[in-house]
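Have a look at structure.txt; it's compact mmCIF, N, CA and C atoms:
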# COMPACT_ATOMS: atom_id res chain seq x y z
N MET A 17 73.46 104.03 104.49
CA MET A 17 74.86 104.09 104.86
C MET A 17 75.46 105.39 104.34
N LEU A 18 76.09 106.13 105.23
CA LEU A 18 76.76 107.37 104.83
C LEU A 18 78.02 107.04 104.05
N LYS A 19 78.25 107.79 103.01
CA LYS A 19 79.45 107.59 102.18
C LYS A 19 80.21 108.90 102.09
N ILE A 20 80.46 109.48 103.25
CA ILE A 20 81.17 110.76 103.30
C ILE A 20 82.64 110.48 103.60
N PRO A 21 83.53 110.80 102.67
CA PRO A 21 84.94 110.54 102.92
C PRO A 21 85.48 111.46 104.01
N THR A 22 86.37 110.90 104.82
CA THR A 22 86.95 111.63 105.94
C THR A 22 88.44 111.38 105.98
N THR A 23 89.20 112.42 106.28
CA THR A 23 90.64 112.26 106.47
C THR A 23 91.06 112.98 107.74
N VAL A 24 91.90 112.32 108.51
CA VAL A 24 92.51 112.92 109.69
C VAL A 24 93.93 113.29 109.27
N PHE A 25 94.20 114.59 109.22
CA PHE A 25 95.48 115.08 108.73
C PHE A 25 96.51 115.15 109.85
N THR A 26 97.04 113.99 110.20
CA THR A 26 98.11 113.87 111.17
C THR A 26 99.37 113.48 110.40
N PRO A 27 100.54 113.40 111.05
CA PRO A 27 101.74 113.02 110.29
C PRO A 27 101.56 111.74 109.47
N LEU A 28 100.83 110.78 109.99
CA LEU A 28 100.43 109.61 109.21
C LEU A 28 98.93 109.74 109.00
N GLU A 29 98.52 110.10 107.79
CA GLU A 29 97.10 110.36 107.53
C GLU A 29 96.28 109.09 107.63
N TYR A 30 95.03 109.26 108.07
CA TYR A 30 94.04 108.18 108.06
C TYR A 30 92.83 108.68 107.29
N SER A 31 92.39 107.89 106.32
CA SER A 31 91.22 108.26 105.52
C SER A 31 90.27 107.08 105.44
N CYS A 32 88.99 107.41 105.38
CA CYS A 32 87.99 106.34 105.27
C CYS A 32 86.74 106.86 104.58
N VAL A 33 85.98 105.92 104.06
CA VAL A 33 84.66 106.19 103.52
C VAL A 33 83.83 104.93 103.74
N GLY A 34 82.56 105.10 104.09
CA GLY A 34 81.70 103.96 104.32
C GLY A 34 81.82 103.42 105.73
N LEU A 35 81.51 102.14 105.87
CA LEU A 35 81.46 101.52 107.19
C LEU A 35 82.83 101.03 107.66
N SER A 36 83.02 101.09 108.97
CA SER A 36 84.20 100.45 109.56
C SER A 36 83.95 98.95 109.57
N GLU A 37 84.99 98.19 109.80
CA GLU A 37 84.83 96.74 109.89
C GLU A 37 83.85 96.37 111.01
N GLU A 38 83.95 97.06 112.13
CA GLU A 38 83.08 96.78 113.27
C GLU A 38 81.62 97.13 112.97
N GLU A 39 81.39 98.28 112.34
CA GLU A 39 80.03 98.67 111.96
C GLU A 39 79.44 97.69 110.96
N ALA A 40 80.25 97.27 110.00
CA ALA A 40 79.79 96.34 108.98
C ALA A 40 79.42 95.00 109.62
N GLU A 41 80.25 94.52 110.52
CA GLU A 41 79.96 93.24 111.19
C GLU A 41 78.69 93.33 112.02
N SER A 42 78.47 94.49 112.62
CA SER A 42 77.26 94.70 113.42
C SER A 42 76.00 94.71 112.54
N ARG A 43 76.10 95.37 111.38
CA ARG A 43 74.94 95.47 110.47
C ARG A 43 74.71 94.20 109.66
N PHE A 44 75.81 93.53 109.32
CA PHE A 44 75.74 92.35 108.45
C PHE A 44 76.50 91.19 109.11
N PRO A 45 75.99 90.65 110.21
CA PRO A 45 76.73 89.59 110.92
C PRO A 45 77.06 88.41 110.01
N ASP A 46 78.32 88.01 110.02
CA ASP A 46 78.81 86.86 109.24
C ASP A 46 78.59 87.01 107.74
N GLU A 47 78.44 88.24 107.26
CA GLU A 47 78.20 88.46 105.83
C GLU A 47 79.25 89.35 105.19
N ILE A 48 80.34 89.66 105.92
CA ILE A 48 81.34 90.56 105.34
C ILE A 48 82.66 89.82 105.10
N GLU A 49 83.42 90.37 104.18
CA GLU A 49 84.78 89.90 103.90
C GLU A 49 85.65 91.13 103.92
N VAL A 50 86.80 91.04 104.58
CA VAL A 50 87.71 92.16 104.70
C VAL A 50 89.00 91.83 103.95
N TYR A 51 89.30 92.62 102.94
CA TYR A 51 90.54 92.50 102.17
C TYR A 51 91.50 93.54 102.71
N HIS A 52 92.76 93.15 102.91
CA HIS A 52 93.69 94.10 103.51
C HIS A 52 95.12 93.85 103.06
N SER A 53 95.94 94.89 103.23
CA SER A 53 97.33 94.78 102.85
C SER A 53 98.13 95.93 103.48
N TYR A 54 99.35 95.63 103.84
CA TYR A 54 100.32 96.68 104.14
C TYR A 54 100.94 97.06 102.81
N TYR A 55 101.49 98.25 102.71
CA TYR A 55 102.11 98.67 101.46
C TYR A 55 103.25 99.63 101.75
N LYS A 56 104.13 99.79 100.76
CA LYS A 56 105.25 100.73 100.91
C LYS A 56 105.10 101.83 99.86
N PRO A 57 104.75 103.04 100.29
CA PRO A 57 104.61 104.14 99.33
C PRO A 57 105.94 104.44 98.64
N LEU A 58 105.87 104.85 97.40
CA LEU A 58 107.07 105.15 96.63
C LEU A 58 107.97 106.14 97.36
N GLU A 59 107.37 107.17 97.97
CA GLU A 59 108.19 108.19 98.62
C GLU A 59 108.89 107.69 99.87
N TYR A 60 108.56 106.48 100.32
CA TYR A 60 109.24 105.88 101.46
C TYR A 60 110.42 105.02 101.02
N SER A 61 110.53 104.71 99.74
CA SER A 61 111.56 103.80 99.25
C SER A 61 112.97 104.38 99.29
N LEU A 62 113.15 105.54 98.71
CA LEU A 62 114.49 106.11 98.62
C LEU A 62 115.09 106.45 99.99
N PRO A 63 114.35 107.11 100.88
CA PRO A 63 114.95 107.39 102.19
C PRO A 63 114.88 106.19 103.15
N HIS A 64 114.37 105.05 102.66
CA HIS A 64 114.24 103.84 103.47
C HIS A 64 113.44 104.09 104.74
N SER A 65 112.35 104.84 104.60
CA SER A 65 111.46 105.12 105.74
C SER A 65 110.65 103.88 106.08
N SER A 66 110.28 103.76 107.34
CA SER A 66 109.48 102.64 107.80
C SER A 66 108.05 102.79 107.27
N SER A 67 107.53 101.72 106.73
CA SER A 67 106.15 101.75 106.22
C SER A 67 105.27 100.79 107.02
N GLU A 68 105.69 100.46 108.23
CA GLU A 68 104.96 99.46 109.01
C GLU A 68 103.53 99.88 109.35
N HIS A 69 103.22 101.18 109.26
CA HIS A 69 101.87 101.64 109.58
C HIS A 69 101.06 101.98 108.33
N CYS A 70 101.60 101.75 107.15
CA CYS A 70 100.88 102.02 105.91
C CYS A 70 100.01 100.80 105.60
N TYR A 71 98.70 101.00 105.63
CA TYR A 71 97.77 99.87 105.61
C TYR A 71 96.51 100.25 104.85
N ILE A 72 95.98 99.30 104.10
CA ILE A 72 94.74 99.49 103.35
C ILE A 72 93.79 98.36 103.70
N LYS A 73 92.52 98.72 103.88
CA LYS A 73 91.50 97.72 104.18
C LYS A 73 90.25 98.07 103.38
N VAL A 74 89.68 97.07 102.72
CA VAL A 74 88.42 97.22 102.00
C VAL A 74 87.43 96.22 102.59
N VAL A 75 86.29 96.74 103.04
CA VAL A 75 85.24 95.92 103.65
C VAL A 75 84.16 95.69 102.59
N CYS A 76 83.87 94.42 102.33
CA CYS A 76 82.90 94.05 101.30
C CYS A 76 81.84 93.12 101.88
N LEU A 77 80.72 93.05 101.20
CA LEU A 77 79.75 92.01 101.50
C LEU A 77 80.30 90.71 100.90
N ARG A 78 80.17 89.63 101.62
CA ARG A 78 80.75 88.35 101.19
C ARG A 78 80.02 87.77 99.97
N GLN A 79 78.74 88.01 99.88
CA GLN A 79 77.94 87.46 98.78
C GLN A 79 78.21 88.21 97.48
N PHE A 80 78.31 87.45 96.38
CA PHE A 80 78.51 88.06 95.07
C PHE A 80 77.41 89.09 94.82
N PRO A 81 77.70 90.28 94.34
CA PRO A 81 78.90 90.73 93.65
C PRO A 81 79.95 91.38 94.55
N HIS A 82 79.95 91.10 95.85
CA HIS A 82 80.95 91.60 96.79
C HIS A 82 81.01 93.13 96.80
N LYS A 83 79.86 93.71 97.08
CA LYS A 83 79.76 95.18 97.13
C LYS A 83 80.70 95.76 98.18
N VAL A 84 81.42 96.81 97.81
CA VAL A 84 82.33 97.49 98.74
C VAL A 84 81.50 98.40 99.63
N ILE A 85 81.64 98.21 100.96
CA ILE A 85 80.86 99.02 101.90
C ILE A 85 81.76 99.85 102.82
N GLY A 86 83.08 99.74 102.65
CA GLY A 86 84.00 100.56 103.44
C GLY A 86 85.41 100.46 102.90
N ILE A 87 86.10 101.60 102.92
CA ILE A 87 87.52 101.65 102.52
C ILE A 87 88.26 102.45 103.57
N HIS A 88 89.43 101.94 103.97
CA HIS A 88 90.24 102.59 105.01
C HIS A 88 91.70 102.57 104.59
N ILE A 89 92.37 103.71 104.75
CA ILE A 89 93.77 103.82 104.35
C ILE A 89 94.53 104.61 105.40
N THR A 90 95.68 104.10 105.82
CA THR A 90 96.62 104.91 106.60
C THR A 90 97.89 105.03 105.78
N GLY A 91 98.42 106.22 105.73
CA GLY A 91 99.65 106.45 104.98
C GLY A 91 99.69 107.86 104.43
N PRO A 92 100.80 108.21 103.80
CA PRO A 92 100.94 109.56 103.26
C PRO A 92 99.92 109.81 102.14
N ASN A 93 99.35 110.99 102.15
CA ASN A 93 98.41 111.41 101.11
C ASN A 93 97.19 110.51 100.99
N SER A 94 96.79 109.89 102.08
CA SER A 94 95.65 108.96 101.99
C SER A 94 94.36 109.67 101.58
N GLY A 95 94.21 110.93 101.94
CA GLY A 95 93.03 111.69 101.52
C GLY A 95 92.98 111.84 100.01
N GLU A 96 94.11 112.15 99.42
CA GLU A 96 94.17 112.28 97.95
C GLU A 96 93.86 110.95 97.28
N VAL A 97 94.39 109.88 97.84
CA VAL A 97 94.17 108.56 97.27
C VAL A 97 92.70 108.16 97.37
N LEU A 98 92.10 108.42 98.52
CA LEU A 98 90.74 107.96 98.77
C LEU A 98 89.68 108.71 97.96
N GLN A 99 89.94 109.95 97.59
CA GLN A 99 88.91 110.78 96.96
C GLN A 99 88.24 110.11 95.78
N GLY A 100 89.00 109.57 94.86
CA GLY A 100 88.42 108.92 93.68
C GLY A 100 87.61 107.68 94.02
N PHE A 101 88.08 106.92 95.00
CA PHE A 101 87.36 105.72 95.41
C PHE A 101 86.06 106.10 96.12
N ALA A 102 86.07 107.22 96.83
CA ALA A 102 84.85 107.70 97.49
C ALA A 102 83.80 108.07 96.45
N VAL A 103 84.22 108.68 95.36
CA VAL A 103 83.29 109.01 94.28
C VAL A 103 82.69 107.71 93.71
N ALA A 104 83.53 106.71 93.51
CA ALA A 104 83.04 105.43 92.99
C ALA A 104 82.05 104.78 93.95
N MET A 105 82.30 104.88 95.25
CA MET A 105 81.37 104.30 96.22
C MET A 105 80.02 104.98 96.20
N ARG A 106 79.99 106.27 95.89
CA ARG A 106 78.72 107.01 95.84
C ARG A 106 77.80 106.47 94.75
N THR A 107 78.35 105.80 93.76
CA THR A 107 77.53 105.27 92.67
C THR A 107 76.75 104.02 93.08
N ASP A 108 77.10 103.45 94.22
CA ASP A 108 76.48 102.22 94.72
C ASP A 108 76.78 101.01 93.84
N SER A 109 77.78 101.11 92.98
CA SER A 109 78.09 99.98 92.11
C SER A 109 79.55 99.54 92.24
N LEU A 110 80.24 100.02 93.27
CA LEU A 110 81.64 99.61 93.45
C LEU A 110 81.66 98.24 94.11
N THR A 111 82.26 97.29 93.41
CA THR A 111 82.39 95.92 93.91
C THR A 111 83.86 95.53 93.92
N LEU A 112 84.15 94.42 94.58
CA LEU A 112 85.52 93.92 94.59
C LEU A 112 85.98 93.61 93.18
N GLN A 113 85.11 93.05 92.36
CA GLN A 113 85.47 92.72 90.98
C GLN A 113 85.81 93.98 90.17
N VAL A 114 85.07 95.06 90.40
CA VAL A 114 85.37 96.32 89.72
C VAL A 114 86.76 96.80 90.12
N LEU A 115 87.06 96.75 91.42
CA LEU A 115 88.39 97.15 91.88
C LEU A 115 89.47 96.28 91.24
N GLN A 116 89.30 94.97 91.36
CA GLN A 116 90.33 94.05 90.90
C GLN A 116 90.49 94.02 89.39
N SER A 117 89.48 94.43 88.65
CA SER A 117 89.60 94.43 87.18
C SER A 117 90.09 95.79 86.67
N SER A 118 90.29 96.74 87.56
CA SER A 118 90.80 98.05 87.16
C SER A 118 92.31 97.98 86.96
N VAL A 119 92.80 98.79 86.06
CA VAL A 119 94.24 98.87 85.82
C VAL A 119 94.80 99.93 86.76
N GLY A 120 95.72 99.52 87.61
CA GLY A 120 96.32 100.47 88.55
C GLY A 120 97.42 101.28 87.89
N ILE A 121 97.57 102.50 88.33
CA ILE A 121 98.66 103.34 87.84
C ILE A 121 99.89 102.99 88.67
N HIS A 122 100.95 102.56 88.01
CA HIS A 122 102.15 102.09 88.71
C HIS A 122 103.26 103.11 88.62
N PRO A 123 103.94 103.39 89.66
CA PRO A 123 103.78 102.92 91.04
C PRO A 123 103.06 103.98 91.88
N THR A 124 101.86 103.70 92.31
CA THR A 124 101.11 104.62 93.16
C THR A 124 100.50 103.86 94.34
N THR A 125 100.13 104.60 95.35
CA THR A 125 99.42 104.00 96.48
C THR A 125 98.04 103.52 96.05
N ALA A 126 97.39 104.27 95.18
CA ALA A 126 96.06 103.89 94.71
C ALA A 126 96.08 102.52 94.03
N GLU A 127 97.18 102.19 93.40
CA GLU A 127 97.31 100.88 92.75
C GLU A 127 97.13 99.75 93.77
N GLU A 128 97.52 99.99 95.00
CA GLU A 128 97.42 98.95 96.02
C GLU A 128 95.97 98.51 96.25
N LEU A 129 95.03 99.41 96.06
CA LEU A 129 93.61 99.07 96.23
C LEU A 129 93.13 98.09 95.17
N VAL A 130 93.62 98.20 93.96
CA VAL A 130 93.16 97.31 92.90
C VAL A 130 93.90 95.97 92.93
N LYS A 131 94.95 95.88 93.74
CA LYS A 131 95.70 94.63 93.86
C LYS A 131 95.29 93.80 95.08
N LEU A 132 94.37 94.28 95.89
CA LEU A 132 93.99 93.57 97.10
C LEU A 132 93.47 92.17 96.79
N HIS A 133 93.98 91.17 97.52
CA HIS A 133 93.49 89.81 97.32
C HIS A 133 93.55 88.96 98.60
N ILE A 134 94.14 89.46 99.66
CA ILE A 134 94.25 88.70 100.90
C ILE A 134 93.13 89.11 101.85
N THR A 135 92.41 88.13 102.36
CA THR A 135 91.34 88.41 103.30
C THR A 135 91.83 88.17 104.72
N LYS A 136 91.24 88.88 105.66
CA LYS A 136 91.57 88.65 107.06
C LYS A 136 91.23 87.22 107.45
N ARG A 137 90.11 86.75 106.95
CA ARG A 137 89.63 85.41 107.30
C ARG A 137 90.60 84.31 106.85
N SER A 138 91.37 84.58 105.79
CA SER A 138 92.30 83.56 105.27
C SER A 138 93.46 83.30 106.22
N GLY A 139 93.79 84.31 107.02
CA GLY A 139 94.92 84.17 107.93
C GLY A 139 96.27 84.37 107.25
N LEU A 140 96.28 84.66 105.95
CA LEU A 140 97.55 84.88 105.24
C LEU A 140 98.17 86.21 105.66
N ASP A 141 99.47 86.31 105.54
CA ASP A 141 100.20 87.51 105.92
C ASP A 141 99.97 88.60 104.87
N PRO A 142 99.42 89.76 105.28
CA PRO A 142 99.14 90.85 104.33
C PRO A 142 100.33 91.77 104.07
N THR A 143 101.50 91.39 104.57
CA THR A 143 102.69 92.22 104.36
C THR A 143 103.16 92.08 102.93
N VAL A 144 103.32 93.20 102.27
CA VAL A 144 103.78 93.21 100.88
C VAL A 144 105.29 93.23 100.87
N SER A 145 105.90 92.43 99.98
CA SER A 145 107.34 92.52 99.85
C SER A 145 107.63 93.75 99.01
N GLU A 146 108.32 93.64 97.96
CA GLU A 146 108.58 94.79 97.08
C GLU A 146 107.73 94.66 95.84
N CYS A 147 107.65 95.77 95.06
CA CYS A 147 106.82 95.73 93.84
C CYS A 147 107.46 94.94 92.74
Could I get this file's structure written as structure tokens?
Amino acid sequence: MLKIPTTVFTPLEYSCVGLSEEEAESRFPDEIEVYHSYYKPLEYSLPHSSSEHCYIKVVCLRQFPHKVIGIHITGPNSGEVLQGFAVAMRTDSLTLQVLQSSVGIHPTTAEELVKLHITKRSGLDPTVSEC
């Protein structure tokens, strides 16, 4: 699996590393779990900008230790945010537990990755209220 981080530098940046949800499902049928969340970047708070397209998705293997096989972010500075997580993925030891047990720097977009807990499969609403 290639672990080359990529960013599309458009007005709303898109960054990813690892497998897409579709690629993961194709390679590991019925063996993936997708954690996701919408988020509101700090710089969107004061001008009351719409954050409806700011979204984070982490694709993991469902079986313990829930190895992370893909990370996807849309939002401002997503390339900057993803860089450190891409380095962690290169170690082949990034798991959901490692993410969730990390202390997030508050208030940052990167913190949203360590707070992920809603799965697509659960059907719960991934919209974040306020911090």
Sphere at (76.5, 100.5, 107.0), radius 8 Å, counting all atoms listed in the file: residues as a list in words: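 Applying the cut-off with all atoms listed in the file, one gets Met17, Leu18, Gly34, Leu35, Ser36, Glu39, Ala40, Glu41, Arg43, Phe44, Ile85 and Gly86 of chain A.
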If we count only C-alpha atoms, what is near A:Val33 at a cut-off of 6 Å, once residues fewer than 6 positions away on the same chain are taken out, given as an MDAnalysis selection string? chainID A and resid 19:21 86:87
Any chance you could list, as a VMD selection string, the residues in stretch 21-127 of chain A that come up helix (DSSP H, G or I) when DSSP is run on the backbone? chain A and resid 37 to 43 58 to 61 94 to 106 112 to 116 125 to 127
Write a file of the selected residues as an mmCIF file, keeping the file's coordinate frame, keeping N, CA and C atoms.
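Written out: selection.cif:
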data_model
loop_
_atom_site.group_PDB
_atom_site.id
_atom_site.type_symbol
_atom_site.label_atom_id
_atom_site.label_comp_id
_atom_site.auth_asym_id
_atom_site.auth_seq_id
_atom_site.Cartn_x
_atom_site.Cartn_y
_atom_site.Cartn_z
ATOM 1 N N GLU A 37 84.990 98.190 109.800
ATOM 2 C CA GLU A 37 84.830 96.740 109.890
ATOM 3 C C GLU A 37 83.850 96.370 111.010
ATOM 4 N N GLU A 38 83.950 97.060 112.130
ATOM 5 C CA GLU A 38 83.080 96.780 113.270
ATOM 6 C C GLU A 38 81.620 97.130 112.970
ATOM 7 N N GLU A 39 81.390 98.280 112.340
ATOM 8 C CA GLU A 39 80.030 98.670 111.960
ATOM 9 C C GLU A 39 79.440 97.690 110.960
ATOM 10 N N ALA A 40 80.250 97.270 110.000
ATOM 11 C CA ALA A 40 79.790 96.340 108.980
ATOM 12 C C ALA A 40 79.420 95.000 109.620
ATOM 13 N N GLU A 41 80.250 94.520 110.520
ATOM 14 C CA GLU A 41 79.960 93.240 111.190
ATOM 15 C C GLU A 41 78.690 93.330 112.020
ATOM 16 N N SER A 42 78.470 94.490 112.620
ATOM 17 C CA SER A 42 77.260 94.700 113.420
ATOM 18 C C SER A 42 76.000 94.710 112.540
ATOM 19 N N ARG A 43 76.100 95.370 111.380
ATOM 20 C CA ARG A 43 74.940 95.470 110.470
ATOM 21 C C ARG A 43 74.710 94.200 109.660
ATOM 22 N N LEU A 58 105.870 104.850 97.400
ATOM 23 C CA LEU A 58 107.070 105.150 96.630
ATOM 24 C C LEU A 58 107.970 106.140 97.360
ATOM 25 N N GLU A 59 107.370 107.170 97.970
ATOM 26 C CA GLU A 59 108.190 108.190 98.620
ATOM 27 C C GLU A 59 108.890 107.690 99.870
ATOM 28 N N TYR A 60 108.560 106.480 100.320
ATOM 29 C CA TYR A 60 109.240 105.880 101.460
ATOM 30 C C TYR A 60 110.420 105.020 101.020
ATOM 31 N N SER A 61 110.530 104.710 99.740
ATOM 32 C CA SER A 61 111.560 103.800 99.250
ATOM 33 C C SER A 61 112.970 104.380 99.290
ATOM 34 N N SER A 94 96.790 109.890 102.080
ATOM 35 C CA SER A 94 95.650 108.960 101.990
ATOM 36 C C SER A 94 94.360 109.670 101.580
ATOM 37 N N GLY A 95 94.210 110.930 101.940
ATOM 38 C CA GLY A 95 93.030 111.690 101.520
ATOM 39 C C GLY A 95 92.980 111.840 100.010
ATOM 40 N N GLU A 96 94.110 112.150 99.420
ATOM 41 C CA GLU A 96 94.170 112.280 97.950
ATOM 42 C C GLU A 96 93.860 110.950 97.280
ATOM 43 N N VAL A 97 94.390 109.880 97.840
ATOM 44 C CA VAL A 97 94.170 108.560 97.270
ATOM 45 C C VAL A 97 92.700 108.160 97.370
ATOM 46 N N LEU A 98 92.100 108.420 98.520
ATOM 47 C CA LEU A 98 90.740 107.960 98.770
ATOM 48 C C LEU A 98 89.680 108.710 97.960
ATOM 49 N N GLN A 99 89.940 109.950 97.590
ATOM 50 C CA GLN A 99 88.910 110.780 96.960
ATOM 51 C C GLN A 99 88.240 110.110 95.780
ATOM 52 N N GLY A 100 89.000 109.570 94.860
ATOM 53 C CA GLY A 100 88.420 108.920 93.680
ATOM 54 C C GLY A 100 87.610 107.680 94.020
ATOM 55 N N PHE A 101 88.080 106.920 95.000
ATOM 56 C CA PHE A 101 87.360 105.720 95.410
ATOM 57 C C PHE A 101 86.060 106.100 96.120
ATOM 58 N N ALA A 102 86.070 107.220 96.830
ATOM 59 C CA ALA A 102 84.850 107.700 97.490
ATOM 60 C C ALA A 102 83.800 108.070 96.450
ATOM 61 N N VAL A 103 84.220 108.680 95.360
ATOM 62 C CA VAL A 103 83.290 109.010 94.280
ATOM 63 C C VAL A 103 82.690 107.710 93.710
ATOM 64 N N ALA A 104 83.530 106.710 93.510
ATOM 65 C CA ALA A 104 83.040 105.430 92.990
ATOM 66 C C ALA A 104 82.050 104.780 93.950
ATOM 67 N N MET A 105 82.300 104.880 95.250
ATOM 68 C CA MET A 105 81.370 104.300 96.220
ATOM 69 C C MET A 105 80.020 104.980 96.200
ATOM 70 N N ARG A 106 79.990 106.270 95.890
ATOM 71 C CA ARG A 106 78.720 107.010 95.840
ATOM 72 C C ARG A 106 77.800 106.470 94.750
ATOM 73 N N LEU A 112 84.150 94.420 94.580
ATOM 74 C CA LEU A 112 85.520 93.920 94.590
ATOM 75 C C LEU A 112 85.980 93.610 93.180
ATOM 76 N N GLN A 113 85.110 93.050 92.360
ATOM 77 C CA GLN A 113 85.470 92.720 90.980
ATOM 78 C C GLN A 113 85.810 93.980 90.170
ATOM 79 N N VAL A 114 85.070 95.060 90.400
ATOM 80 C CA VAL A 114 85.370 96.320 89.720
ATOM 81 C C VAL A 114 86.760 96.800 90.120
ATOM 82 N N LEU A 115 87.060 96.750 91.420
ATOM 83 C CA LEU A 115 88.390 97.150 91.880
ATOM 84 C C LEU A 115 89.470 96.280 91.240
ATOM 85 N N GLN A 116 89.300 94.970 91.360
ATOM 86 C CA GLN A 116 90.330 94.050 90.900
ATOM 87 C C GLN A 116 90.490 94.020 89.390
ATOM 88 N N THR A 125 100.130 104.600 95.350
ATOM 89 C CA THR A 125 99.420 104.000 96.480
ATOM 90 C C THR A 125 98.040 103.520 96.050
ATOM 91 N N ALA A 126 97.390 104.270 95.180
ATOM 92 C CA ALA A 126 96.060 103.890 94.710
ATOM 93 C C ALA A 126 96.080 102.520 94.030
ATOM 94 N N GLU A 127 97.180 102.190 93.400
ATOM 95 C CA GLU A 127 97.310 100.880 92.750
ATOM 96 C C GLU A 127 97.130 99.750 93.770
#
Nearby residues (all atoms listed in the file) at most 6.5 Å from A:Thr22, same-chain spacing under 3 positions excluded, as a list in words: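 Residues meeting the cut-off are Tyr30, Ser31, Cys32, Val33 and Gly95 of chain A.
Neighbouring residues of A:Ile134 at 6.5 Å or closer, counting all atoms listed in the file and skipping chain neighbours under 2 positions away, are A:Val50, A:Tyr51, A:His52, A:Lys131, A:Leu132, A:Lys136, A:Arg137, A:Ser138, A:Pro142.
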Residue list (strand (DSSP E or B), DSSP) for chain A, as an NGL selection string: :A and (22-24 or 30-34 or 48-54 or 71-77 or 83-90 or 111 or 135)
Neighbourhood query: residues within 6 Å of (77.4, 86.3, 102.3), file coordinates, counting only N, CA and C atoms; return as a ChimeraX atom specification. /A:46-48,77-79
Taking N, CA and C atoms for each residue, export the selection above as a short mmCIF file (atom, residue, chain, number, x, y, z; two decimals), keeping the file's coordinate frame.
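Written file, result.cif:
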data_model
loop_
_atom_site.label_atom_id
_atom_site.label_comp_id
_atom_site.auth_asym_id
_atom_site.auth_seq_id
_atom_site.Cartn_x
_atom_site.Cartn_y
_atom_site.Cartn_z
N ASP A 46 78.32 88.01 110.02
CA ASP A 46 78.81 86.86 109.24
C ASP A 46 78.59 87.01 107.74
N GLU A 47 78.44 88.24 107.26
CA GLU A 47 78.20 88.46 105.83
C GLU A 47 79.25 89.35 105.19
N ILE A 48 80.34 89.66 105.92
CA ILE A 48 81.34 90.56 105.34
C ILE A 48 82.66 89.82 105.10
N LEU A 77 80.72 93.05 101.20
CA LEU A 77 79.75 92.01 101.50
C LEU A 77 80.30 90.71 100.90
N ARG A 78 80.17 89.63 101.62
CA ARG A 78 80.75 88.35 101.19
C ARG A 78 80.02 87.77 99.97
N GLN A 79 78.74 88.01 99.88
CA GLN A 79 77.94 87.46 98.78
C GLN A 79 78.21 88.21 97.48
#
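Shortest atom-to-atom contact with A:Arg106 among A:Pro27, A:Val84, A:Gly91, A:Cys76: A:Val84, counting only C-alpha atoms.
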